[in-house]
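J.: What follows is the file target17.cif, containing mmCIF, C-alpha atoms:
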```
data_run
loop_
_atom_site.label_atom_id
_atom_site.label_comp_id
_atom_site.auth_asym_id
_atom_site.auth_seq_id
_atom_site.Cartn_x
_atom_site.Cartn_y
_atom_site.Cartn_z
CA MET A 1 -3.60 -17.11 -1.58
CA ASN A 2 -3.42 -19.56 1.33
CA VAL A 3 -7.06 -19.49 2.47
CA ASP A 4 -8.97 -22.76 2.73
CA GLU A 5 -11.74 -23.76 0.32
CA ARG A 6 -14.34 -23.96 3.10
CA LEU A 7 -13.91 -20.24 3.83
CA LYS A 8 -14.04 -19.39 0.11
CA ALA A 9 -17.32 -21.32 -0.23
CA LEU A 10 -18.75 -19.55 2.83
CA GLY A 11 -17.67 -16.19 1.36
CA ARG A 12 -19.41 -16.97 -1.95
CA ARG A 13 -22.63 -17.99 -0.19
CA VAL A 14 -22.66 -14.89 2.04
CA ALA A 15 -21.91 -12.57 -0.91
CA GLU A 16 -24.68 -14.08 -3.05
CA GLU A 17 -27.25 -13.95 -0.23
CA LEU A 18 -26.41 -10.34 0.61
CA LEU A 19 -26.68 -9.25 -3.02
CA GLU A 20 -30.03 -11.03 -3.28
CA LYS A 21 -31.29 -9.35 -0.09
CA LEU A 22 -30.42 -5.77 -1.15
CA SER A 23 -32.19 -4.71 -4.34
CA GLU A 24 -30.09 -1.53 -4.62
CA ALA A 25 -26.80 -3.40 -4.22
CA ARG A 26 -24.58 -3.44 -7.30
CA ALA A 27 -21.99 -5.83 -5.93
CA VAL A 28 -20.68 -7.55 -2.83
CA VAL A 29 -16.97 -8.34 -2.46
CA VAL A 30 -15.27 -10.39 0.25
CA ALA A 31 -11.54 -9.66 0.48
CA THR A 32 -8.72 -10.89 2.68
CA GLU A 33 -7.14 -8.15 4.77
CA ASP A 34 -4.13 -8.14 2.45
CA GLY A 35 -6.24 -7.41 -0.58
CA PHE A 36 -7.03 -10.71 -2.27
CA GLU A 37 -10.54 -11.27 -3.58
CA LEU A 38 -11.99 -14.25 -1.68
CA ALA A 39 -15.48 -14.15 -3.21
CA PHE A 40 -17.82 -11.77 -4.97
CA ALA A 41 -21.35 -11.47 -6.31
CA THR A 42 -22.33 -8.76 -8.74
CA ARG A 43 -25.15 -7.48 -10.96
CA GLU A 44 -22.77 -5.77 -13.36
CA GLU A 45 -19.29 -6.05 -14.77
CA LEU A 46 -16.86 -5.20 -12.01
CA GLU A 47 -13.15 -5.60 -11.35
CA ALA A 48 -13.57 -7.42 -8.05
CA ALA A 49 -9.81 -7.90 -7.63
CA ARG A 50 -9.30 -4.13 -7.80
CA ILE A 51 -12.12 -3.46 -5.31
CA ALA A 52 -10.66 -6.11 -2.98
CA ALA A 53 -7.23 -4.43 -2.98
CA MET A 54 -8.75 -0.98 -2.43
CA THR A 55 -11.05 -2.05 0.42
CA SER A 56 -8.19 -3.76 2.23
CA SER A 57 -6.15 -0.53 2.00
CA ILE A 58 -9.08 1.52 3.30
CA ALA A 59 -9.65 -0.98 6.12
CA ALA A 60 -6.00 -0.87 7.19
CA ILE A 61 -5.94 2.93 7.13
CA CYS A 62 -9.23 3.08 9.11
CA ASP A 63 -7.78 0.67 11.69
CA SER A 64 -4.72 2.87 11.94
CA VAL A 65 -6.83 6.03 12.37
CA SER A 66 -8.94 4.31 15.05
CA ARG A 67 -5.79 3.32 16.95
CA GLU A 68 -4.27 6.80 16.71
CA ALA A 69 -7.51 8.48 17.78
CA GLY A 70 -8.16 6.04 20.63
CA LEU A 71 -11.39 4.83 19.05
CA GLY A 72 -10.71 1.16 19.69
CA HIS A 73 -11.40 -1.52 17.14
CA THR A 74 -12.83 -0.44 13.74
CA LYS A 75 -16.13 -2.15 12.97
CA SER A 76 -17.39 -0.59 9.77
CA PHE A 77 -16.63 2.27 7.39
CA VAL A 78 -18.68 3.96 4.71
CA VAL A 79 -17.90 5.82 1.49
CA GLU A 80 -20.85 8.11 0.77
CA ALA A 81 -20.63 9.36 -2.81
CA SER A 82 -22.91 11.24 -5.20
CA ASP A 83 -24.07 8.03 -6.90
CA GLY A 84 -24.24 5.57 -4.02
CA PHE A 85 -22.54 4.06 -1.00
CA MET A 86 -19.80 1.60 -0.29
CA VAL A 87 -20.35 -0.02 3.09
CA MET A 88 -17.42 -2.05 4.41
CA ARG A 89 -17.09 -4.16 7.53
CA GLY A 90 -14.19 -6.10 9.02
CA VAL A 91 -14.86 -9.77 9.78
CA GLN A 92 -12.75 -12.18 11.79
CA ASN A 93 -13.10 -15.86 10.85
CA GLY A 94 -10.71 -17.91 12.98
CA GLN A 95 -7.21 -16.66 12.17
CA VAL A 96 -8.28 -14.89 8.99
CA ARG A 97 -9.44 -11.28 8.91
CA LEU A 98 -11.66 -10.32 5.99
CA VAL A 99 -13.34 -7.19 4.65
CA LEU A 100 -16.94 -7.50 3.49
CA SER A 101 -17.93 -4.69 1.11
CA THR A 102 -21.25 -3.79 -0.46
CA LEU A 103 -21.50 -1.32 -3.31
CA THR A 104 -24.94 0.26 -3.76
CA ARG A 105 -26.72 2.50 -6.23
CA ASN A 106 -28.22 5.85 -5.32
CA GLY A 107 -31.50 5.39 -3.48
CA ALA A 108 -30.27 2.71 -1.09
CA LEU A 109 -31.06 3.36 2.57
CA LEU A 110 -27.76 3.52 4.40
CA GLY A 111 -29.14 2.19 7.69
CA MET A 112 -30.73 -0.76 5.96
CA VAL A 113 -27.53 -1.56 4.06
CA MET A 114 -25.43 -1.30 7.22
CA ASN A 115 -27.80 -3.61 9.06
CA ALA A 116 -27.76 -6.19 6.25
CA VAL A 117 -23.97 -6.01 5.97
CA GLY A 118 -23.72 -6.47 9.76
CA GLU A 119 -25.89 -9.62 9.63
CA SER A 120 -23.85 -11.02 6.76
CA ALA A 121 -20.63 -10.24 8.61
CA ARG A 122 -21.88 -12.31 11.55
CA ALA A 123 -22.67 -15.21 9.20
CA LEU A 124 -19.20 -14.90 7.67
CA SER A 125 -17.48 -14.92 11.05
CA ALA A 126 -19.21 -18.14 12.16
CA MET B 1 5.09 22.66 4.58
CA GLU B 2 7.68 20.06 5.64
CA PRO B 3 9.22 18.18 2.71
CA LYS B 4 7.68 14.81 1.91
CA ILE B 5 9.83 11.80 1.01
CA VAL B 6 8.25 8.59 -0.25
CA PHE B 7 9.73 5.10 0.00
CA THR B 8 8.49 2.68 -2.61
CA GLY B 9 9.63 -0.59 -4.19
CA PRO B 10 8.60 -4.24 -4.40
CA PRO B 11 7.27 -6.20 -1.41
CA GLY B 12 9.93 -7.16 1.11
CA ALA B 13 12.38 -4.45 0.00
CA GLY B 14 12.25 -2.85 3.45
CA LYS B 15 10.10 0.27 3.10
CA THR B 16 8.44 -0.16 6.51
CA THR B 17 11.81 -1.04 8.08
CA ALA B 18 13.51 2.00 6.52
CA ILE B 19 10.88 4.39 7.90
CA ALA B 20 11.00 2.72 11.32
CA ALA B 21 14.82 3.03 11.31
CA LEU B 22 14.72 6.75 10.59
CA SER B 23 11.54 8.10 12.14
CA ASP B 24 11.85 10.07 15.37
CA THR B 25 8.30 9.09 16.31
CA PRO B 26 6.74 5.61 16.34
CA PRO B 27 5.68 5.18 12.69
CA VAL B 28 2.09 4.78 11.62
CA VAL B 29 1.88 1.35 10.00
CA THR B 30 -0.87 -0.46 8.13
CA ASP B 31 0.57 -3.94 7.96
CA VAL B 32 -1.68 -6.97 8.05
CA ALA B 33 -1.36 -10.76 7.85
CA ASN B 34 0.07 -11.84 4.50
CA HIS B 35 -1.78 -14.60 2.61
CA ASP B 36 0.60 -14.72 -0.37
CA VAL B 37 2.90 -17.71 0.19
CA ALA B 38 5.26 -16.49 -2.55
CA LEU B 39 6.19 -13.46 -0.43
CA GLY B 40 7.62 -15.52 2.40
CA LYS B 41 6.80 -13.09 5.20
CA ALA B 42 4.16 -12.97 7.89
CA ARG B 43 2.94 -9.40 7.47
CA THR B 44 2.71 -6.87 4.67
CA THR B 45 1.79 -3.19 4.23
CA VAL B 46 -1.52 -2.61 2.44
CA GLY B 47 -2.15 1.10 3.12
CA MET B 48 0.79 3.32 3.93
CA ASP B 49 3.57 3.91 6.44
CA PHE B 50 4.21 7.30 7.94
CA GLY B 51 6.94 8.76 10.10
CA THR B 52 8.82 12.01 10.65
CA VAL B 53 12.46 12.88 11.11
CA ALA B 54 14.20 16.08 12.14
CA LEU B 55 17.41 16.64 10.23
CA GLU B 56 20.48 18.44 11.51
CA GLY B 57 19.52 22.09 11.35
CA GLY B 58 16.01 21.30 12.55
CA GLU B 59 14.28 20.70 9.23
CA GLN B 60 11.37 18.26 9.64
CA VAL B 61 10.85 15.71 6.90
CA ARG B 62 7.71 13.60 6.49
CA LEU B 63 8.33 10.00 5.47
CA PHE B 64 5.72 7.97 3.60
CA GLY B 65 5.88 4.32 2.54
CA THR B 66 3.79 2.63 -0.13
CA PRO B 67 2.62 -0.97 -0.37
CA GLY B 68 4.84 -2.93 -2.77
CA GLN B 69 2.45 -5.31 -4.51
CA GLU B 70 1.25 -4.31 -7.96
CA ARG B 71 -2.40 -4.79 -6.92
CA PHE B 72 -1.93 -1.70 -4.76
CA ASP B 73 -0.59 0.43 -7.62
CA PHE B 74 -3.61 2.76 -7.33
CA LEU B 75 -2.01 4.03 -4.10
CA TRP B 76 1.40 4.82 -5.59
CA PRO B 77 0.50 8.06 -7.41
CA ILE B 78 -1.70 9.15 -4.48
CA LEU B 79 1.15 8.80 -1.99
CA VAL B 80 3.80 10.20 -4.32
CA LYS B 81 1.80 13.35 -5.11
CA ASP B 82 3.68 16.51 -4.12
CA ALA B 83 6.68 14.57 -2.82
CA LEU B 84 10.04 16.24 -2.86
CA GLY B 85 11.82 12.93 -3.24
CA LEU B 86 11.25 9.29 -4.02
CA ALA B 87 13.39 6.41 -2.75
CA ILE B 88 12.95 3.24 -4.78
CA LEU B 89 14.11 0.33 -2.64
CA ILE B 90 15.11 -2.87 -4.42
CA ASP B 91 15.59 -6.28 -2.82
CA ASN B 92 18.46 -7.96 -4.68
CA SER B 93 17.44 -11.39 -3.36
CA ARG B 94 14.21 -11.31 -5.39
CA PRO B 95 14.07 -13.29 -8.65
CA ASP B 96 14.43 -10.31 -11.02
CA PRO B 97 15.45 -7.05 -9.30
CA LEU B 98 16.07 -5.23 -12.60
CA THR B 99 12.50 -5.91 -13.73
CA ASP B 100 11.29 -4.71 -10.31
CA LEU B 101 13.08 -1.41 -10.92
CA ARG B 102 11.67 -1.13 -14.47
CA LEU B 103 8.13 -1.62 -13.11
CA PHE B 104 8.41 1.24 -10.63
CA LEU B 105 10.13 3.54 -13.14
CA LYS B 106 7.32 2.88 -15.61
CA SER B 107 4.47 3.20 -13.11
CA LEU B 108 5.81 6.43 -11.66
CA ALA B 109 7.18 7.91 -14.91
CA PRO B 110 4.71 10.85 -15.00
CA THR B 111 5.81 12.05 -11.56
CA LEU B 112 9.54 11.36 -11.74
CA PRO B 113 10.53 14.57 -13.58
CA LYS B 114 9.02 16.60 -10.74
CA MET B 115 11.04 15.08 -7.90
CA ALA B 116 14.41 13.90 -6.70
CA CYS B 117 14.97 10.16 -6.80
CA VAL B 118 17.42 7.67 -5.31
CA ILE B 119 17.62 3.92 -5.86
CA GLY B 120 18.62 1.87 -2.82
CA VAL B 121 19.65 -1.73 -3.44
CA GLY B 122 19.42 -4.06 -0.44
CA ARG B 123 20.73 -7.56 0.37
CA LEU B 124 23.71 -7.11 -1.99
CA GLU B 125 26.06 -8.91 0.39
CA GLY B 126 24.43 -12.30 -0.23
CA HIS B 127 23.24 -11.47 -3.75
CA ALA B 128 25.94 -9.56 -5.62
CA ARG B 129 24.25 -9.88 -9.03
CA PRO B 130 22.86 -7.75 -10.57
CA GLY B 131 25.45 -5.19 -9.55
CA ILE B 132 25.00 -1.45 -9.08
CA GLU B 133 26.20 -0.74 -12.64
CA GLN B 134 23.37 -2.87 -14.06
CA PHE B 135 20.79 -0.79 -12.19
CA VAL B 136 22.45 2.33 -13.59
CA ASP B 137 22.11 0.81 -17.08
CA VAL B 138 18.38 0.18 -16.52
CA LEU B 139 17.95 3.80 -15.45
CA ALA B 140 19.90 5.06 -18.47
CA ALA B 141 17.83 2.89 -20.85
CA ALA B 142 14.69 4.50 -19.43
CA GLY B 143 16.21 7.97 -19.77
CA TRP B 144 16.95 8.61 -16.08
CA MET B 145 20.11 9.40 -14.16
CA PHE B 146 19.62 8.88 -10.43
CA PRO B 147 22.07 7.84 -7.71
CA VAL B 148 22.11 4.10 -7.04
CA LEU B 149 23.59 2.95 -3.74
CA PRO B 150 23.77 -0.18 -1.64
CA VAL B 151 21.65 0.13 1.50
CA ASP B 152 20.88 -1.79 4.63
CA VAL B 153 17.47 -0.39 5.52
CA ARG B 154 17.88 -1.49 9.13
CA LYS B 155 20.70 1.04 9.52
CA ARG B 156 19.57 4.57 10.26
CA GLU B 157 22.68 6.09 8.67
CA ASP B 158 22.03 4.28 5.36
CA VAL B 159 18.43 5.52 5.17
CA LEU B 160 19.47 9.01 6.25
CA MET B 161 22.05 9.03 3.44
CA MET B 162 19.26 8.38 0.92
CA VAL B 163 17.15 11.21 2.33
CA GLU B 164 20.09 13.61 2.30
CA LEU B 165 20.90 12.69 -1.31
CA MET B 166 17.31 13.47 -2.29
CA LEU B 167 17.35 16.80 -0.46
CA ALA B 168 20.65 17.73 -2.16
CA GLN B 169 19.21 16.79 -5.57
CA ALA B 170 16.08 18.83 -4.90
CA GLU B 171 18.16 21.82 -3.85
CA ALA B 172 20.34 21.56 -6.98
CA LYS B 173 17.19 21.31 -9.10
CA ASN B 174 15.68 24.40 -7.46
CA LEU B 175 18.90 26.28 -7.99
CA GLY B 176 19.01 25.24 -11.63
CA GLU B 177 15.41 26.31 -12.19
CA SER B 178 15.91 29.70 -10.53
CA GLN B 179 18.94 30.53 -12.70
#
```
In structure tokens, write the structure found in this file.
T.:
Amino acid sequence: MNVDERLKALGRRVAEELLEKLSEARAVVVATEDGFELAFATREELEAARIAAMTSSIAAICDSVSREAGLGHTKSFVVEASDGFMVMRGVQNGQVRLVLSTLTRNGALLGMVMNAVGESARALSA
Amino acid sequence: MEPKIVFTGPPGAGKTTAIAALSDTPPVVTDVANHDVALGKARTTVGMDFGTVALEGGEQVRLFGTPGQERFDFLWPILVKDALGLAILIDNSRPDPLTDLRLFLKSLAPTLPKMACVIGVGRLEGHARPGIEQFVDVLAAAGWMFPVLPVDVRKREDVLMMVELMLAQAEAKNLGESQ
């Protein structure tokens, strides 16, 4: 994966801070848009590489749907499931596009998670 | 419902190109910047490709393309579900095209008995080995007998030939099952 170490370090810091901030978060994964795991922080055993590949696929399909439907540029996308949420957000850092994903347990407040993910995305894009 | 044909195969084999060459409508693509230096290309598909083509006689066929990298293998069975046919595209300039074919045959083995299948081998002109007969041997060793043909995925007629072969196989299979 040809992504520089500075960006990987920033990804690790952002992932760890976001996980710390959200008590209901199970894991945070930062992926490149082509599905490589750049960084992750987790409270449980998790196949971060698998999540990274899946979130990049979802992001690309969401971008495609937004284009087709004339919705403009996709900002975030949410999987709402019986046992929690997955909140994902695209992030542009220089030439590299990333996907920041937060996996939560049931009981998390979606608005709060989206807000925290948005703040972290801004930190990751800087 | 219109028949569904899926193009799969390793990265760089030309799945997106094949669908673009054949589709009557601008294809839906999900390609993004590639960060894998080993692939040697600027962009790669991470979701799916989609296009449609009307055949002679008016039959509409839906064309789907999968990502090629193994890390996206969770998408392969999703996209292949309920397909009438599967085109496995192989890039003969890759280090081990026969192993590439074995990987896709193994990954998609549960679905293969339900559909028609064609193997298209690309870039044979500059990379003559392995030859078509070696791909046939790999298929036979895995217990399959599918057509294997050289293709240039940039040529509409080559891609159309693959689709027509799959439709003919599917028709023969239907006929066999109804007798």
J.: Near chain B, which residues of chain A fall within 8 Å when you count only C-alpha atoms, and what do they look like as a list in words?
T.: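 Output check: Met1, Asn2, Val3, Thr32, Glu33, Asp34, Gly35, Arg50, Ala53, Met54, Ser56, Ser57, Ile58, Ala60, Ile61, Asp63 and Ser64 of chain A.
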J.: Applied to the shown file, which residues does the PyMOL selection byres ((chain B and resi 26) around 12) return, written as an MDAnalysis selection string?
T.: (chainID A and resid 68) or (chainID B and resid 16:17 19:25 27:29 49:53 63)
J.: Which centre and edge lengths in Å to one decimal define the box along x, y and z that fits every listed atom of stretch 60-76 of chain A plus 4 Å per side, as JSON?
T.:
```
{"center_x": -10.8, "center_y": 3.2, "center_z": 13.9, "size_x": 21.1, "size_y": 18.6, "size_z": 21.5}
```
J.: Calculate how many Å separate atom CA of A:Val91 from atom CA of A:Ser76, rounding to one decimal.
T.: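 These atoms are spaced 9.5 Å apart.
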J.: Expressed in Å to a single decimal, how great is the separation between atom CA of A:Thr42 and atom CA of A:Ala126?
T.: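 About the pair atom CA of A:Thr42 and atom CA of A:Ala126: they are 23.1 Å apart.
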J.: One decimal, in Å: what's the spacing between atom CA of B:Cys117 and atom CA of B:Pro11?
T.: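 Pair atom CA of B:Cys117 / atom CA of B:Pro11 returns 18.9 Å.
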J.: Using only C-alpha atoms, pick whichever of B:Gly58, B:Gly14, B:Leu139, B:Leu160 has the shortest atom-to-atom distance to B:Thr99.
T.: B:Leu139
J.: Out of B:Pro10, B:Pro3, B:Pro95, B:Gly68, which residue has the shortest atom-to-atom distance to B:Pro130 when counting all atoms listed in the file?
T.: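 With all atoms listed in the file as the atom set, the closest residue is B:Pro95.
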J.: Quick one: apply the PyMOL selection byres ((chain A and resi 93) around 12) to the file and drop the selected residues here as a VMD selection string.
T.: chain A and resid 3 to 4 6 to 8 10 to 11 32 to 33 90 to 92 94 to 100 121 to 126
J.: The selected residues should be written to file as a compact mmCIF listing (two decimals), keeping the file's coordinate frame (atoms: C-alpha atoms).
T.:
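Everything below was put into part.txt:
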```txt
# COMPACT_ATOMS: atom_id res chain seq x y z
CA VAL A 3 -7.06 -19.49 2.47
CA ASP A 4 -8.97 -22.76 2.73
CA ARG A 6 -14.34 -23.96 3.10
CA LEU A 7 -13.91 -20.24 3.83
CA LYS A 8 -14.04 -19.39 0.11
CA LEU A 10 -18.75 -19.55 2.83
CA GLY A 11 -17.67 -16.19 1.36
CA THR A 32 -8.72 -10.89 2.68
CA GLU A 33 -7.14 -8.15 4.77
CA GLY A 90 -14.19 -6.10 9.02
CA VAL A 91 -14.86 -9.77 9.78
CA GLN A 92 -12.75 -12.18 11.79
CA GLY A 94 -10.71 -17.91 12.98
CA GLN A 95 -7.21 -16.66 12.17
CA VAL A 96 -8.28 -14.89 8.99
CA ARG A 97 -9.44 -11.28 8.91
CA LEU A 98 -11.66 -10.32 5.99
CA VAL A 99 -13.34 -7.19 4.65
CA LEU A 100 -16.94 -7.50 3.49
CA ALA A 121 -20.63 -10.24 8.61
CA ARG A 122 -21.88 -12.31 11.55
CA ALA A 123 -22.67 -15.21 9.20
CA LEU A 124 -19.20 -14.90 7.67
CA SER A 125 -17.48 -14.92 11.05
CA ALA A 126 -19.21 -18.14 12.16
```
J.: Please provide the set of residues having any atom within 9 Å of B:Pro150, restricted to all atoms listed in the file, with same-chain residues fewer than 5 positions apart removed, written as a ChimeraX atom specification.
T.: /B:119-124,132,158
J.: The PyMOL selection byres ((chain B and resi 89) around 10) - which residues does that actually catch in the file I just gave you? List them as a tab-separated table (two decimals) with C-alpha atoms, in the coordinates of the input.
T.:
```
chain	number	residue	atom	x	y	z
B	7	PHE	CA	9.73	5.10	0.00
B	8	THR	CA	8.49	2.68	-2.61
B	9	GLY	CA	9.63	-0.59	-4.19
B	10	PRO	CA	8.60	-4.24	-4.40
B	11	PRO	CA	7.27	-6.20	-1.41
B	12	GLY	CA	9.93	-7.16	1.11
B	13	ALA	CA	12.38	-4.45	0.00
B	14	GLY	CA	12.25	-2.85	3.45
B	15	LYS	CA	10.10	0.27	3.10
B	18	ALA	CA	13.51	2.00	6.52
B	68	GLY	CA	4.84	-2.93	-2.77
B	86	LEU	CA	11.25	9.29	-4.02
B	87	ALA	CA	13.39	6.41	-2.75
B	88	ILE	CA	12.95	3.24	-4.78
B	90	ILE	CA	15.11	-2.87	-4.42
B	91	ASP	CA	15.59	-6.28	-2.82
B	92	ASN	CA	18.46	-7.96	-4.68
B	100	ASP	CA	11.29	-4.71	-10.31
B	101	LEU	CA	13.08	-1.41	-10.92
B	104	PHE	CA	8.41	1.24	-10.63
B	118	VAL	CA	17.42	7.67	-5.31
B	119	ILE	CA	17.62	3.92	-5.86
B	120	GLY	CA	18.62	1.87	-2.82
B	121	VAL	CA	19.65	-1.73	-3.44
B	122	GLY	CA	19.42	-4.06	-0.44
B	148	VAL	CA	22.11	4.10	-7.04
B	149	LEU	CA	23.59	2.95	-3.74
B	150	PRO	CA	23.77	-0.18	-1.64
B	151	VAL	CA	21.65	0.13	1.50
B	153	VAL	CA	17.47	-0.39	5.52
```
J.: Quick one: of A:Ala108, A:Leu38, A:Ala116, A:Val65, who's nearest to A:Asp83, counting all atoms listed in the file?
T.: A:Ala108
J.: With all atoms listed in the file as the counted atoms, please give the residues lying no more than 8 Å from B:Glu2, apart from itself and same-chain residues fewer than 4 positions off, as a list of chain:residue names.
T.: B:Glu59, B:Gln60, B:Val61, B:Arg62
J.: Looking at all atoms listed in the file, which of A:Ala59, A:Ala9, A:Met88, A:Met112 is the one that sits closest to A:Glu24?
T.: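 Closest to A:Glu24, using all atoms listed in the file: A:Met112.
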J.: Start from the incomplete input, build N, CA and C atoms for stretch 6-30 of chain A, and deliver everything as an mmCIF file, keeping the file's coordinate frame.
T.:
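Listing of out.cif after writing:
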```
data_model
loop_
_atom_site.group_PDB
_atom_site.id
_atom_site.type_symbol
_atom_site.label_atom_id
_atom_site.label_comp_id
_atom_site.auth_asym_id
_atom_site.auth_seq_id
_atom_site.Cartn_x
_atom_site.Cartn_y
_atom_site.Cartn_z
ATOM 1 N N ARG A 6 -13.113 -24.073 2.310
ATOM 2 C CA ARG A 6 -14.340 -23.960 3.100
ATOM 3 C C ARG A 6 -14.692 -22.477 3.311
ATOM 4 N N LEU A 7 -13.674 -21.675 3.594
ATOM 5 C CA LEU A 7 -13.910 -20.240 3.830
ATOM 6 C C LEU A 7 -14.297 -19.552 2.517
ATOM 7 N N LYS A 8 -13.670 -19.976 1.414
ATOM 8 C CA LYS A 8 -14.040 -19.390 0.110
ATOM 9 C C LYS A 8 -15.499 -19.690 -0.208
ATOM 10 N N ALA A 9 -15.928 -20.930 0.057
ATOM 11 C CA ALA A 9 -17.320 -21.320 -0.230
ATOM 12 C C ALA A 9 -18.276 -20.509 0.652
ATOM 13 N N LEU A 10 -17.917 -20.352 1.926
ATOM 14 C CA LEU A 10 -18.750 -19.550 2.830
ATOM 15 C C LEU A 10 -18.831 -18.115 2.331
ATOM 16 N N GLY A 11 -17.709 -17.561 1.890
ATOM 17 C CA GLY A 11 -17.670 -16.190 1.360
ATOM 18 C C GLY A 11 -18.588 -16.046 0.161
ATOM 19 N N ARG A 12 -18.551 -17.026 -0.749
ATOM 20 C CA ARG A 12 -19.410 -16.970 -1.950
ATOM 21 C C ARG A 12 -20.880 -16.989 -1.560
ATOM 22 N N ARG A 13 -21.216 -17.865 -0.602
ATOM 23 C CA ARG A 13 -22.630 -17.990 -0.190
ATOM 24 C C ARG A 13 -23.105 -16.686 0.456
ATOM 25 N N VAL A 14 -22.287 -16.131 1.346
ATOM 26 C CA VAL A 14 -22.660 -14.890 2.040
ATOM 27 C C VAL A 14 -22.801 -13.740 1.033
ATOM 28 N N ALA A 15 -21.870 -13.652 0.088
ATOM 29 C CA ALA A 15 -21.910 -12.570 -0.910
ATOM 30 C C ALA A 15 -23.174 -12.680 -1.763
ATOM 31 N N GLU A 16 -23.490 -13.891 -2.203
ATOM 32 C CA GLU A 16 -24.680 -14.080 -3.050
ATOM 33 C C GLU A 16 -25.958 -13.758 -2.280
ATOM 34 N N GLU A 17 -26.046 -14.202 -1.031
ATOM 35 C CA GLU A 17 -27.250 -13.950 -0.230
ATOM 36 C C GLU A 17 -27.423 -12.454 0.058
ATOM 37 N N LEU A 18 -26.330 -11.772 0.311
ATOM 38 C CA LEU A 18 -26.410 -10.340 0.610
ATOM 39 C C LEU A 18 -26.838 -9.554 -0.630
ATOM 40 N N LEU A 19 -26.296 -9.927 -1.766
ATOM 41 C CA LEU A 19 -26.680 -9.250 -3.020
ATOM 42 C C LEU A 19 -28.164 -9.472 -3.302
ATOM 43 N N GLU A 20 -28.617 -10.678 -3.056
ATOM 44 C CA GLU A 20 -30.030 -11.030 -3.280
ATOM 45 C C GLU A 20 -30.937 -10.222 -2.351
ATOM 46 N N LYS A 21 -30.479 -10.030 -1.122
ATOM 47 C CA LYS A 21 -31.290 -9.350 -0.090
ATOM 48 C C LYS A 21 -31.443 -7.858 -0.378
ATOM 49 N N LEU A 22 -30.404 -7.230 -0.950
ATOM 50 C CA LEU A 22 -30.420 -5.770 -1.150
ATOM 51 C C LEU A 22 -30.662 -5.438 -2.623
ATOM 52 N N SER A 23 -31.864 -4.955 -2.932
ATOM 53 C CA SER A 23 -32.190 -4.710 -4.340
ATOM 54 C C SER A 23 -31.347 -3.590 -4.946
ATOM 55 N N GLU A 24 -30.891 -2.651 -4.105
ATOM 56 C CA GLU A 24 -30.090 -1.530 -4.620
ATOM 57 C C GLU A 24 -28.594 -1.847 -4.649
ATOM 58 N N ALA A 25 -28.223 -3.055 -4.218
ATOM 59 C CA ALA A 25 -26.800 -3.400 -4.220
ATOM 60 C C ALA A 25 -26.328 -3.696 -5.637
ATOM 61 N N ARG A 26 -25.176 -3.161 -5.976
ATOM 62 C CA ARG A 26 -24.580 -3.440 -7.300
ATOM 63 C C ARG A 26 -23.642 -4.635 -7.203
ATOM 64 N N ALA A 27 -22.962 -4.733 -6.070
ATOM 65 C CA ALA A 27 -21.990 -5.830 -5.930
ATOM 66 C C ALA A 27 -21.625 -6.028 -4.465
ATOM 67 N N VAL A 28 -21.203 -7.235 -4.163
ATOM 68 C CA VAL A 28 -20.680 -7.550 -2.830
ATOM 69 C C VAL A 28 -19.325 -8.238 -3.037
ATOM 70 N N VAL A 29 -18.316 -7.766 -2.323
ATOM 71 C CA VAL A 29 -16.970 -8.340 -2.460
ATOM 72 C C VAL A 29 -16.466 -8.739 -1.077
ATOM 73 N N VAL A 30 -15.926 -9.952 -0.986
ATOM 74 C CA VAL A 30 -15.270 -10.390 0.250
ATOM 75 C C VAL A 30 -13.774 -10.468 -0.046
#
```
